$ cat query.tsv   # TSV, C-alpha atoms
chain	number	residue	atom	x	y	z
O	28	ILE	CA	12.53	8.48	8.70
O	29	ARG	CA	10.21	7.52	11.56
O	30	LEU	CA	10.15	4.09	13.20
O	31	SER	CA	7.46	2.44	15.32
O	32	PRO	CA	7.28	-1.15	16.58
O	33	PHE	CA	5.54	-2.37	13.40
O	34	THR	CA	5.75	0.54	10.92
O	35	VAL	CA	8.44	2.39	8.98
O	36	GLU	CA	7.69	5.78	7.39
O	37	LEU	CA	9.84	7.48	4.74
O	38	SER	CA	9.37	10.97	3.31
O	39	GLN	CA	10.79	12.61	0.16
O	40	LEU	CA	12.45	9.45	-1.11
O	41	THR	CA	14.45	10.00	-4.33
O	42	LEU	CA	16.37	7.54	-6.51
O	43	HIS	CA	18.59	9.13	-9.12
O	44	GLY	CA	19.49	7.40	-12.35
O	45	ARG	CA	21.79	8.70	-15.05
O	46	GLU	CA	19.79	11.86	-15.75
O	47	PRO	CA	21.71	15.16	-16.11
O	48	ALA	CA	21.76	17.52	-13.17
O	49	GLY	CA	18.60	19.56	-12.85
O	50	GLN	CA	16.35	17.07	-14.67
O	51	ARG	CA	13.53	15.03	-13.16
O	52	PRO	CA	14.89	12.10	-11.05
O	53	PHE	CA	14.40	8.48	-12.03
O	54	VAL	CA	12.08	7.81	-9.05
O	55	HIS	CA	10.62	10.15	-6.47
O	56	ILE	CA	8.06	9.33	-3.76
O	57	ASP	CA	6.58	11.92	-1.42
O	58	HIS	CA	5.70	9.52	1.39
O	59	VAL	CA	5.85	5.76	2.08
O	60	THR	CA	4.37	3.86	4.99
O	61	VAL	CA	5.56	0.27	5.37
O	62	GLY	CA	4.02	-2.26	7.74
O	63	VAL	CA	6.57	-4.85	8.77
O	64	ASP	CA	5.52	-8.50	8.50
O	65	LEU	CA	7.05	-9.98	11.67
O	66	ALA	CA	6.04	-13.54	10.78
O	67	ALA	CA	7.90	-13.26	7.48
O	68	LEU	CA	10.98	-11.87	9.20
O	69	LEU	CA	11.05	-14.83	11.57
O	70	GLU	CA	10.98	-17.11	8.50
O	71	ARG	CA	13.81	-15.06	6.91
O	72	LYS	CA	11.64	-13.97	3.99
O	73	VAL	CA	11.74	-10.50	2.40
O	74	VAL	CA	8.00	-9.87	2.57
O	75	LEU	CA	6.43	-6.57	3.57
O	76	GLY	CA	3.00	-6.17	5.10
O	77	ASN	CA	0.79	-3.19	4.22
O	78	VAL	CA	2.55	-0.56	2.09
O	79	THR	CA	1.07	2.85	1.21
O	80	VAL	CA	2.87	4.94	-1.43
O	81	GLU	CA	1.77	8.55	-1.82
O	82	ARG	CA	2.45	10.53	-5.00
O	83	PRO	CA	5.03	8.21	-6.60
O	84	SER	CA	6.70	9.43	-9.80
O	85	VAL	CA	8.73	7.25	-12.19
O	86	SER	CA	10.49	8.92	-15.15
O	87	ILE	CA	12.14	6.93	-17.93
O	88	GLU	CA	13.87	8.68	-20.83
O	89	ILE	CA	15.45	6.83	-23.78
O	90	ASP	CA	16.98	8.82	-26.65
O	91	ARG	CA	17.53	7.89	-30.29
O	92	ASN	CA	20.92	6.34	-29.51
O	93	GLY	CA	19.54	4.06	-26.81
O	94	HIS	CA	20.95	6.09	-23.91
O	95	SER	CA	18.62	6.25	-20.94
O	96	ASN	CA	18.40	7.60	-17.43
O	97	VAL	CA	17.90	4.09	-16.00
O	98	PRO	CA	20.74	3.29	-13.57
O	99	VAL	CA	23.21	0.57	-14.58
O	100	PRO	CA	25.24	-1.48	-12.08
O	101	ALA	CA	28.96	-0.73	-12.24
O	102	HIS	CA	31.02	-3.37	-14.05
O	103	ARG	CA	33.50	-5.07	-11.81
O	104	GLY	CA	35.77	-7.12	-13.99
O	105	PRO	CA	34.82	-8.75	-17.30
O	106	PRO	CA	31.10	-8.82	-18.24
O	107	LYS	CA	29.25	-11.86	-16.98
O	108	PRO	CA	26.82	-13.77	-19.23
O	109	TRP	CA	24.50	-14.63	-16.34
O	110	PRO	CA	21.97	-12.17	-14.89
O	111	GLN	CA	22.61	-10.04	-11.83
O	112	GLN	CA	19.55	-9.54	-9.64
O	113	LEU	CA	18.98	-5.88	-8.80
O	114	PHE	CA	16.08	-6.29	-6.40
O	115	SER	CA	13.08	-8.44	-5.58
O	116	VAL	CA	10.25	-7.43	-3.29
O	117	THR	CA	6.92	-8.93	-2.23
O	118	ILE	CA	4.19	-6.89	-0.54
O	119	ASP	CA	1.09	-8.36	1.09
O	120	HIS	CA	-1.08	-5.30	0.41
O	121	LEU	CA	-0.14	-2.26	-1.71
O	122	HIS	CA	-1.90	1.10	-2.05
O	123	LEU	CA	-0.73	3.69	-4.62
O	124	SER	CA	-2.23	7.18	-4.67
O	125	ASP	CA	-1.82	10.19	-6.99
O	126	GLY	CA	1.11	8.67	-8.88
O	127	ILE	CA	2.42	9.03	-12.43
O	128	ILE	CA	4.71	7.18	-14.81
O	129	ARG	CA	6.53	9.18	-17.50
O	130	PHE	CA	8.01	7.34	-20.48
O	131	ASN	CA	9.63	9.87	-22.82
O	132	ASN	CA	6.67	12.10	-23.74
O	133	ARG	CA	3.95	9.79	-22.39
O	134	ARG	CA	2.23	10.30	-19.03
O	135	ILE	CA	0.40	7.39	-17.35
O	136	PRO	CA	-1.64	8.02	-14.17
O	137	LEU	CA	-0.84	5.63	-11.34
O	138	ALA	CA	-3.44	5.01	-8.62
O	139	ALA	CA	-4.51	1.55	-7.47
O	140	ASP	CA	-5.05	-0.72	-4.49
O	141	GLY	CA	-4.71	-4.49	-4.17
O	142	GLY	CA	-3.44	-7.66	-2.56
O	143	ARG	CA	-0.09	-9.39	-2.91
O	144	PHE	CA	2.31	-7.48	-5.18
O	145	SER	CA	5.64	-8.85	-6.44
O	146	PHE	CA	8.26	-7.01	-8.45
O	147	GLY	CA	11.78	-8.03	-9.41
O	148	MET	CA	14.46	-6.74	-11.78
O	149	GLU	CA	17.71	-8.23	-13.02
O	150	TYR	CA	20.52	-6.91	-15.19
O	151	ALA	CA	22.47	-8.92	-17.75
O	152	SER	CA	25.41	-7.89	-19.94
O	153	THR	CA	27.57	-9.83	-22.38
O	154	GLY	CA	29.73	-6.82	-23.21
O	155	PRO	CA	29.70	-3.04	-23.66
O	156	GLY	CA	26.47	-1.97	-25.35
O	157	HIS	CA	24.93	-5.44	-25.00
O	158	ASP	CA	23.08	-5.13	-21.72
O	159	VAL	CA	19.41	-5.54	-20.87
O	160	TYR	CA	17.05	-5.30	-17.92
O	161	ARG	CA	14.60	-8.14	-17.35
O	162	GLY	CA	11.66	-7.61	-15.05
O	163	ARG	CA	8.72	-9.51	-13.67
O	164	VAL	CA	5.74	-8.05	-11.89
O	165	SER	CA	2.42	-9.39	-10.64
O	166	TRP	CA	-0.48	-8.06	-8.59
O	167	ASP	CA	-3.36	-10.04	-7.10
O	168	ARG	CA	-6.83	-8.54	-6.64
O	169	MET	CA	-5.78	-5.12	-7.90
O	170	ARG	CA	-8.53	-2.51	-7.89
O	171	VAL	CA	-8.56	0.49	-10.20
O	172	ALA	CA	-11.37	3.04	-10.42
O	173	ALA	CA	-11.62	4.74	-13.81
O	174	GLN	CA	-14.14	7.35	-14.86
O	175	LYS	CA	-17.65	5.90	-15.29
O	176	TRP	CA	-16.34	2.38	-14.51
O	177	LEU	CA	-17.41	0.30	-11.54
O	178	PRO	CA	-14.32	-0.38	-9.38
O	179	PHE	CA	-13.37	-4.03	-9.82
O	180	ALA	CA	-10.68	-6.47	-8.73
O	181	SER	CA	-8.42	-8.17	-11.26
O	182	THR	CA	-5.17	-10.13	-11.23
O	183	TRP	CA	-2.34	-9.59	-13.69
O	184	SER	CA	1.26	-10.55	-14.30
O	185	ALA	CA	3.94	-9.52	-16.78
O	186	GLN	CA	7.51	-10.22	-17.82
O	187	PHE	CA	9.43	-7.64	-19.84
O	188	THR	CA	12.84	-6.81	-21.28
O	189	ILE	CA	14.37	-3.34	-21.72
O	190	GLY	CA	17.44	-2.95	-23.93
O	191	ARG	CA	19.39	0.05	-25.17
O	192	GLN	CA	17.78	0.05	-28.62
O	193	SER	CA	14.63	-2.04	-28.20
O	194	GLY	CA	12.36	-3.76	-25.72
O	195	SER	CA	9.65	-6.35	-25.37
O	196	LEU	CA	6.69	-7.38	-23.28
O	197	ASP	CA	7.56	-11.07	-23.13
O	198	GLN	CA	4.42	-12.21	-21.37
O	199	PHE	CA	1.27	-10.50	-20.10
O	200	ARG	CA	-1.84	-12.04	-18.56
O	201	TRP	CA	-4.82	-10.12	-17.16
O	202	GLN	CA	-7.61	-11.97	-15.36
O	203	LEU	CA	-10.85	-9.99	-15.02
O	204	PRO	CA	-13.81	-11.27	-12.99
O	205	HIS	CA	-14.99	-13.47	-15.91
O	206	SER	CA	-12.59	-12.67	-18.79
O	207	THR	CA	-8.94	-13.21	-19.70
O	208	LEU	CA	-6.43	-11.31	-21.86
O	209	GLU	CA	-3.01	-12.66	-22.87
O	210	ALA	CA	-0.49	-10.76	-24.97
O	211	HIS	CA	3.12	-10.26	-25.91
O	212	ALA	CA	4.66	-7.35	-27.79
O	213	ASP	CA	7.95	-5.89	-28.98
O	214	TRP	CA	9.27	-2.42	-29.70
O	215	PRO	CA	11.98	-2.76	-32.38
O	216	ASN	CA	13.46	0.71	-31.83
O	217	TRP	CA	12.87	3.11	-28.93
O	218	SER	CA	13.45	6.11	-31.20
O	219	LYS	CA	10.43	5.18	-33.33
O	220	PRO	CA	6.86	4.82	-31.96
O	221	GLU	CA	6.33	1.39	-33.52
O	222	MET	CA	5.02	-1.78	-31.90
O	223	ASN	CA	4.11	-5.35	-32.83
O	224	LEU	CA	1.49	-6.96	-30.57
O	225	HIS	CA	0.04	-10.47	-30.48
O	226	TYR	CA	-3.07	-11.00	-28.38
O	227	ARG	CA	-5.54	-13.64	-27.25
O	228	ILE	CA	-8.72	-12.67	-25.45
O	229	ARG	CA	-11.73	-14.43	-23.99
O	230	LEU	CA	-14.36	-11.82	-23.12
O	231	ASN	CA	-17.42	-12.65	-21.10
O	232	LEU	CA	-19.86	-9.85	-21.88
O	233	ARG	CA	-21.07	-9.99	-18.29
O	234	ASP	CA	-17.94	-7.97	-17.49
O	235	VAL	CA	-18.89	-5.29	-20.00
O	236	ARG	CA	-22.39	-5.12	-18.55
O	237	THR	CA	-21.16	-4.87	-14.96
O	238	LEU	CA	-17.94	-2.87	-15.16
O	239	LEU	CA	-19.16	-0.29	-17.68
O	240	ARG	CA	-22.51	0.01	-15.91
O	241	LYS	CA	-24.47	-1.11	-19.00
O	242	PRO	CA	-27.21	-3.34	-17.53
O	243	HIS	CA	-29.02	-3.80	-20.86
O	244	SER	CA	-26.01	-4.69	-23.04
O	245	PRO	CA	-25.80	-8.18	-24.64
O	246	THR	CA	-24.44	-11.21	-22.80
O	247	GLY	CA	-22.40	-14.12	-24.14
O	248	ILE	CA	-18.79	-15.12	-24.86
O	249	VAL	CA	-16.49	-13.54	-27.46
O	250	GLU	CA	-13.03	-14.99	-28.22
O	251	SER	CA	-10.39	-13.51	-30.50
O	252	THR	CA	-6.73	-13.94	-31.45
O	253	GLY	CA	-4.74	-11.68	-33.71
O	254	THR	CA	-1.89	-9.26	-34.29
O	255	LEU	CA	-1.62	-5.49	-34.14
O	256	GLN	CA	1.15	-3.66	-35.97
O	257	TYR	CA	1.30	-0.04	-34.91
O	258	ALA	CA	3.12	2.90	-36.48
O	259	PRO	CA	1.95	6.53	-36.67
O	260	ARG	CA	-0.85	6.76	-39.25
O	261	ALA	CA	-0.18	3.18	-40.38
O	262	TRP	CA	-1.58	0.75	-37.79
O	263	ASN	CA	-3.00	-2.60	-38.89
O	264	LEU	CA	-5.13	-5.14	-37.00
O	265	ARG	CA	-5.73	-8.68	-38.22
O	266	GLY	CA	-7.41	-11.45	-36.29
O	267	ASP	CA	-10.09	-14.10	-35.97
O	268	TYR	CA	-13.08	-14.10	-33.66
O	269	SER	CA	-15.91	-16.32	-32.51
O	270	ALA	CA	-19.01	-15.38	-30.53
O	271	GLN	CA	-21.40	-17.81	-28.88
O	272	ASP	CA	-24.47	-17.80	-26.67
O	273	ILE	CA	-25.10	-14.14	-27.48
O	274	THR	CA	-28.30	-12.87	-25.90
O	275	MET	CA	-29.86	-9.50	-26.64
O	276	GLY	CA	-32.75	-8.16	-24.60
O	277	PHE	CA	-33.46	-4.79	-26.16
O	278	LYS	CA	-37.07	-3.62	-26.35
O	279	TRP	CA	-36.91	-3.35	-30.11
O	280	PHE	CA	-34.94	-6.57	-30.63
O	281	HIS	CA	-34.39	-9.65	-28.50
O	282	ASP	CA	-32.96	-13.08	-29.21
O	283	ALA	CA	-30.82	-15.72	-27.51
O	284	GLY	CA	-28.29	-18.39	-28.41
O	285	MET	CA	-26.83	-16.48	-31.36
O	286	ARG	CA	-23.43	-17.46	-32.81
O	287	SER	CA	-20.97	-15.78	-35.14
O	288	ARG	CA	-17.49	-16.45	-36.51
O	289	GLY	CA	-15.18	-14.56	-38.84
O	290	THR	CA	-12.07	-12.44	-39.33
O	291	ILE	CA	-11.23	-8.91	-38.23
O	292	LEU	CA	-9.41	-6.47	-40.52
O	293	ALA	CA	-8.87	-2.88	-39.46
O	294	GLY	CA	-6.62	0.06	-40.25
O	295	PRO	CA	-6.57	3.87	-40.24
O	296	LYS	CA	-9.08	4.11	-43.09
O	297	GLN	CA	-11.01	0.87	-42.90
O	298	ALA	CA	-12.57	-1.67	-40.58
O	299	ALA	CA	-14.20	-4.89	-41.71
O	300	ILE	CA	-15.55	-8.07	-40.14
O	301	PRO	CA	-16.23	-10.32	-43.15
$ encode --input "query.tsv" --output "structure tokens"
Amino acid sequence: IRLSPFTVELSQLTLHGREPAGQRPFVHIDHVTVGVDLAALLERKVVLGNVTVERPSVSIEIDRNGHSNVPVPAHRGPPKPWPQQLFSVTIDHLHLSDGIIRFNNRRIPLAADGGRFSFGMEYASTGPGHDVYRGRVSWDRMRVAAQKWLPFASTWSAQFTIGRQSGSLDQFRWQLPHSTLEAHADWPNWSKPEMNLHYRIRLNLRDVRTLLRKPHSPTGIVESTGTLQYAPRAWNLRGDYSAQDITMGFKWFHDAGMRSRGTILAGPKQAAIP
């Protein structure tokens, strides 16, 4: 740990969960630099300034019986029906570099930069085996650079629930420069890779043209709502869509003001837009 008048630095920070000895820890961070927001401290608010996190690693393992490596607060007395807040943090500016999230056998790269970031978790239990984690997270003006994509700023927020046997994404909203995606989903059983997703999207094709670096792609507005049921080799997508003010400017075909409306049906062996 190194302290300066306005900065705190931490190295090799590890948070253990309930993983067996010798296995990957729940959270490990190589280096953290935290800028202290003095104005917030004077107002008695838990708000950090600029935070840089280098090589963060989060590992979550849930087995077929619902046992996980996620730490659980110790019970003190009878279970309480109301939630217990584990932590809540707000950061004015957050930078993540060379990170990774592991969820069972899945690996998700983690590298981003953005404005105000908020994250909170609470724990609730009504009895042995009936406990859940509820989380909320949001990030303003987050920037992610993916291969062949133009780096762009977007704002998103989510609320989620993690139980012993199942989990859910209770609310998700992603605001792109000109488009919006809303969704909620549930995972009925952690031991099975199955998911039910409901979505609603309003896509301004200007974002496709700009972010994917496709200057000659069509412009217009596409809206869609639907459901996605996913299981290995048995996924199914059903929804409705509408497109308006579609403009195409290809050399071999050009038109403007086009409209379309219909349904979307798709699966492992078929895809149709009647």
$ residues_around --input "query.tsv" --residues "stretch 207-212 of chain O" --least-positions-apart "2" --cutoff "8 Å" --atoms "all atoms listed in the file" --output "count of residues only"
20
$ residues_around --input "query.tsv" --residues "O:Ala283" --least-positions-apart "6" --cutoff "7 Å" --atoms "all atoms listed in the file" --output "ChimeraX atom specification"
/O:272-275
$ write_last_selection --input "query.tsv" --atoms "C-alpha atoms" --output "short mmCIF file (atom, residue, chain, number, x, y, z; two decimals), in the frame of the given file"
data_model
loop_
_atom_site.label_atom_id
_atom_site.label_comp_id
_atom_site.auth_asym_id
_atom_site.auth_seq_id
_atom_site.Cartn_x
_atom_site.Cartn_y
_atom_site.Cartn_z
CA ASP O 272 -24.47 -17.80 -26.67
CA ILE O 273 -25.10 -14.14 -27.48
CA THR O 274 -28.30 -12.87 -25.90
CA MET O 275 -29.86 -9.50 -26.64
#
$ closest_residue --input "query.tsv" --among "O:His94, O:Leu37, O:Gly289, O:Glu221" --to "O:Gln256" --atoms "all atoms listed in the file"
O:Glu221
$ residues_around --input "query.tsv" --residues "stretch 44-48 of chain O" --least-positions-apart "3" --cutoff "8 Å" --atoms "all atoms listed in the file" --output "JSON list (two decimals) with C-alpha atoms, in the coordinates of the input"
[["chain", "number", "residue", "atom", "x", "y", "z"],
["O", 51, "ARG", "CA", 13.53, 15.03, -13.16],
["O", 52, "PRO", "CA", 14.89, 12.10, -11.05],
["O", 53, "PHE", "CA", 14.40, 8.48, -12.03],
["O", 95, "SER", "CA", 18.62, 6.25, -20.94],
["O", 96, "ASN", "CA", 18.40, 7.60, -17.43],
["O", 97, "VAL", "CA", 17.90, 4.09, -16.00],
["O", 98, "PRO", "CA", 20.74, 3.29, -13.57]]
$ atom_distance --input "query.tsv" --atom1 "atom CA of O:Val164" --atom2 "atom CA of O:Ala185"
5.4 Å
$ atom_distance --input "query.tsv" --atom1 "atom CA of O:Ala270" --atom2 "atom CA of O:Gly294"
22.1 Å
$ closest_residue --input "query.tsv" --among "O:Pro204, O:Gly76, O:Pro259, O:Pro83" --to "O:Thr41" --atoms "all atoms listed in the file"
O:Pro83
$ residues_near_point --input "query.tsv" --point "(-7.0, -13.5, -30.8)" --cutoff "7 Å" --atoms "only C-alpha atoms" --output "PyMOL selection string"
chain O and resi 226-228+250-253+266-268
$ residues_around --input "query.tsv" --residues "O:Arg168" --least-positions-apart "3" --cutoff "9 Å" --atoms "all atoms listed in the file" --output "list in words"
Asp140, Gly141, Gly142, Arg143, Phe179, Ala180, Ser181, Thr182 and Trp183 of chain O
$ atom_distance --input "query.tsv" --atom1 "atom CA of O:Gln39" --atom2 "atom CA of O:Asn132"
24.3 Å
$ axis_aligned_box --input "query.tsv" --around "stretch 84-88 of chain O" --padding-each-side "3 Å" --output "JSON"
{"center_x": 10.3, "center_y": 8.2, "center_z": -15.3, "size_x": 13.2, "size_y": 8.5, "size_z": 17.0}
$ residues_around --input "query.tsv" --residues "O:His243" --least-positions-apart "4" --cutoff "9 Å" --atoms "all atoms listed in the file" --output "PDB file with C-alpha atoms, in the coordinates of the input"
ATOM      1  CA  ARG O 236     -22.390  -5.120 -18.550  1.00  0.00           C
ATOM      2  CA  MET O 275     -29.860  -9.500 -26.640  1.00  0.00           C
ATOM      3  CA  GLY O 276     -32.750  -8.160 -24.600  1.00  0.00           C
ATOM      4  CA  PHE O 277     -33.460  -4.790 -26.160  1.00  0.00           C
TER       5      PHE O 277
END
$ closest_residue --input "query.tsv" --among "O:Pro295, O:Gly147, O:Gly247, O:Pro220" --to "O:Gln186" --atoms "all atoms listed in the file"
O:Gly147
$ closest_residue --input "query.tsv" --among "O:Leu75, O:Ile189, O:Ile56, O:Val249" --to "O:Phe144" --atoms "all atoms listed in the file"
O:Leu75
$ closest_residue --input "query.tsv" --among "O:Leu113, O:Val80, O:Met169, O:Ala151" --to "O:Asp125" --atoms "all atoms listed in the file"
O:Val80
$ decode --input "query.tsv" --residues "stretch 219-245 of chain O" --atoms "N, CA, C and O atoms" --output "short mmCIF file (atom, residue, chain, number, x, y, z; two decimals), in the first residue's frame"
data_model
loop_
_atom_site.label_atom_id
_atom_site.label_comp_id
_atom_site.auth_asym_id
_atom_site.auth_seq_id
_atom_site.Cartn_x
_atom_site.Cartn_y
_atom_site.Cartn_z
N LYS O 219 -27.50 -26.29 -16.05
CA LYS O 219 -27.85 -26.49 -17.44
C LYS O 219 -27.67 -25.17 -18.20
O LYS O 219 -28.14 -24.13 -17.74
N PRO O 220 -27.04 -25.18 -19.36
CA PRO O 220 -26.84 -23.95 -20.13
C PRO O 220 -28.11 -23.53 -20.87
O PRO O 220 -28.17 -23.56 -22.10
N GLU O 221 -29.13 -23.15 -20.13
CA GLU O 221 -30.40 -22.75 -20.72
C GLU O 221 -30.75 -21.34 -20.26
O GLU O 221 -30.44 -20.94 -19.14
N MET O 222 -31.41 -20.59 -21.15
CA MET O 222 -31.73 -19.20 -20.85
C MET O 222 -33.00 -18.80 -21.56
O MET O 222 -33.28 -19.23 -22.68
N ASN O 223 -33.81 -17.96 -20.91
CA ASN O 223 -34.98 -17.34 -21.51
C ASN O 223 -34.77 -15.83 -21.50
O ASN O 223 -34.54 -15.24 -20.44
N LEU O 224 -34.83 -15.21 -22.67
CA LEU O 224 -34.52 -13.79 -22.81
C LEU O 224 -35.69 -13.07 -23.49
O LEU O 224 -36.24 -13.57 -24.48
N HIS O 225 -36.05 -11.91 -22.97
CA HIS O 225 -37.04 -11.04 -23.59
C HIS O 225 -36.33 -9.72 -23.92
O HIS O 225 -35.63 -9.16 -23.08
N TYR O 226 -36.51 -9.24 -25.14
CA TYR O 226 -35.77 -8.05 -25.56
C TYR O 226 -36.68 -7.04 -26.25
O TYR O 226 -37.77 -7.36 -26.74
N ARG O 227 -36.18 -5.82 -26.28
CA ARG O 227 -36.83 -4.72 -27.00
C ARG O 227 -35.71 -3.81 -27.49
O ARG O 227 -34.90 -3.35 -26.69
N ILE O 228 -35.68 -3.58 -28.79
CA ILE O 228 -34.57 -2.82 -29.36
C ILE O 228 -35.08 -1.78 -30.34
O ILE O 228 -36.05 -2.01 -31.07
N ARG O 229 -34.44 -0.62 -30.31
CA ARG O 229 -34.66 0.42 -31.30
C ARG O 229 -33.30 0.76 -31.88
O ARG O 229 -32.46 1.36 -31.21
N LEU O 230 -33.06 0.33 -33.12
CA LEU O 230 -31.75 0.46 -33.75
C LEU O 230 -31.79 1.53 -34.83
O LEU O 230 -32.54 1.43 -35.80
N ASN O 231 -30.99 2.57 -34.62
CA ASN O 231 -30.78 3.56 -35.66
C ASN O 231 -29.58 3.09 -36.49
O ASN O 231 -28.47 2.94 -35.96
N LEU O 232 -29.80 2.83 -37.76
CA LEU O 232 -28.74 2.26 -38.59
C LEU O 232 -27.55 3.20 -38.77
O LEU O 232 -26.51 2.77 -39.27
N ARG O 233 -27.68 4.43 -38.33
CA ARG O 233 -26.51 5.31 -38.30
C ARG O 233 -25.43 4.73 -37.41
O ARG O 233 -24.23 4.89 -37.67
N ASP O 234 -25.83 4.05 -36.32
CA ASP O 234 -24.85 3.45 -35.43
C ASP O 234 -24.10 2.31 -36.11
O ASP O 234 -22.89 2.15 -35.93
N VAL O 235 -24.81 1.51 -36.91
CA VAL O 235 -24.15 0.44 -37.64
C VAL O 235 -23.15 1.02 -38.63
O VAL O 235 -22.01 0.56 -38.74
N ARG O 236 -23.56 2.06 -39.32
CA ARG O 236 -22.69 2.70 -40.31
C ARG O 236 -21.43 3.27 -39.66
O ARG O 236 -20.32 3.10 -40.17
N THR O 237 -21.60 3.91 -38.51
CA THR O 237 -20.47 4.58 -37.85
C THR O 237 -19.59 3.61 -37.08
O THR O 237 -18.37 3.56 -37.26
N LEU O 238 -20.21 2.82 -36.20
CA LEU O 238 -19.43 1.99 -35.28
C LEU O 238 -18.74 0.83 -35.98
O LEU O 238 -17.65 0.43 -35.60
N LEU O 239 -19.39 0.26 -37.00
CA LEU O 239 -18.79 -0.86 -37.73
C LEU O 239 -17.96 -0.39 -38.92
O LEU O 239 -17.49 -1.22 -39.70
N ARG O 240 -17.83 0.92 -39.06
CA ARG O 240 -17.04 1.48 -40.15
C ARG O 240 -17.57 1.03 -41.52
O ARG O 240 -16.81 0.58 -42.38
N LYS O 241 -18.90 1.13 -41.70
CA LYS O 241 -19.55 0.76 -42.96
C LYS O 241 -20.23 2.01 -43.52
O LYS O 241 -21.44 2.19 -43.41
N PRO O 242 -19.48 2.90 -44.16
CA PRO O 242 -20.04 4.19 -44.58
C PRO O 242 -21.10 4.09 -45.67
O PRO O 242 -21.86 5.05 -45.85
N HIS O 243 -21.21 2.97 -46.35
CA HIS O 243 -22.19 2.85 -47.44
C HIS O 243 -23.38 1.95 -47.07
O HIS O 243 -24.19 1.64 -47.93
N SER O 244 -23.47 1.55 -45.80
CA SER O 244 -24.60 0.71 -45.39
C SER O 244 -25.88 1.53 -45.32
O SER O 244 -25.85 2.77 -45.25
N PRO O 245 -27.06 0.88 -45.32
CA PRO O 245 -28.34 1.61 -45.30
C PRO O 245 -28.50 2.44 -44.03
O PRO O 245 -27.86 2.20 -43.01
#
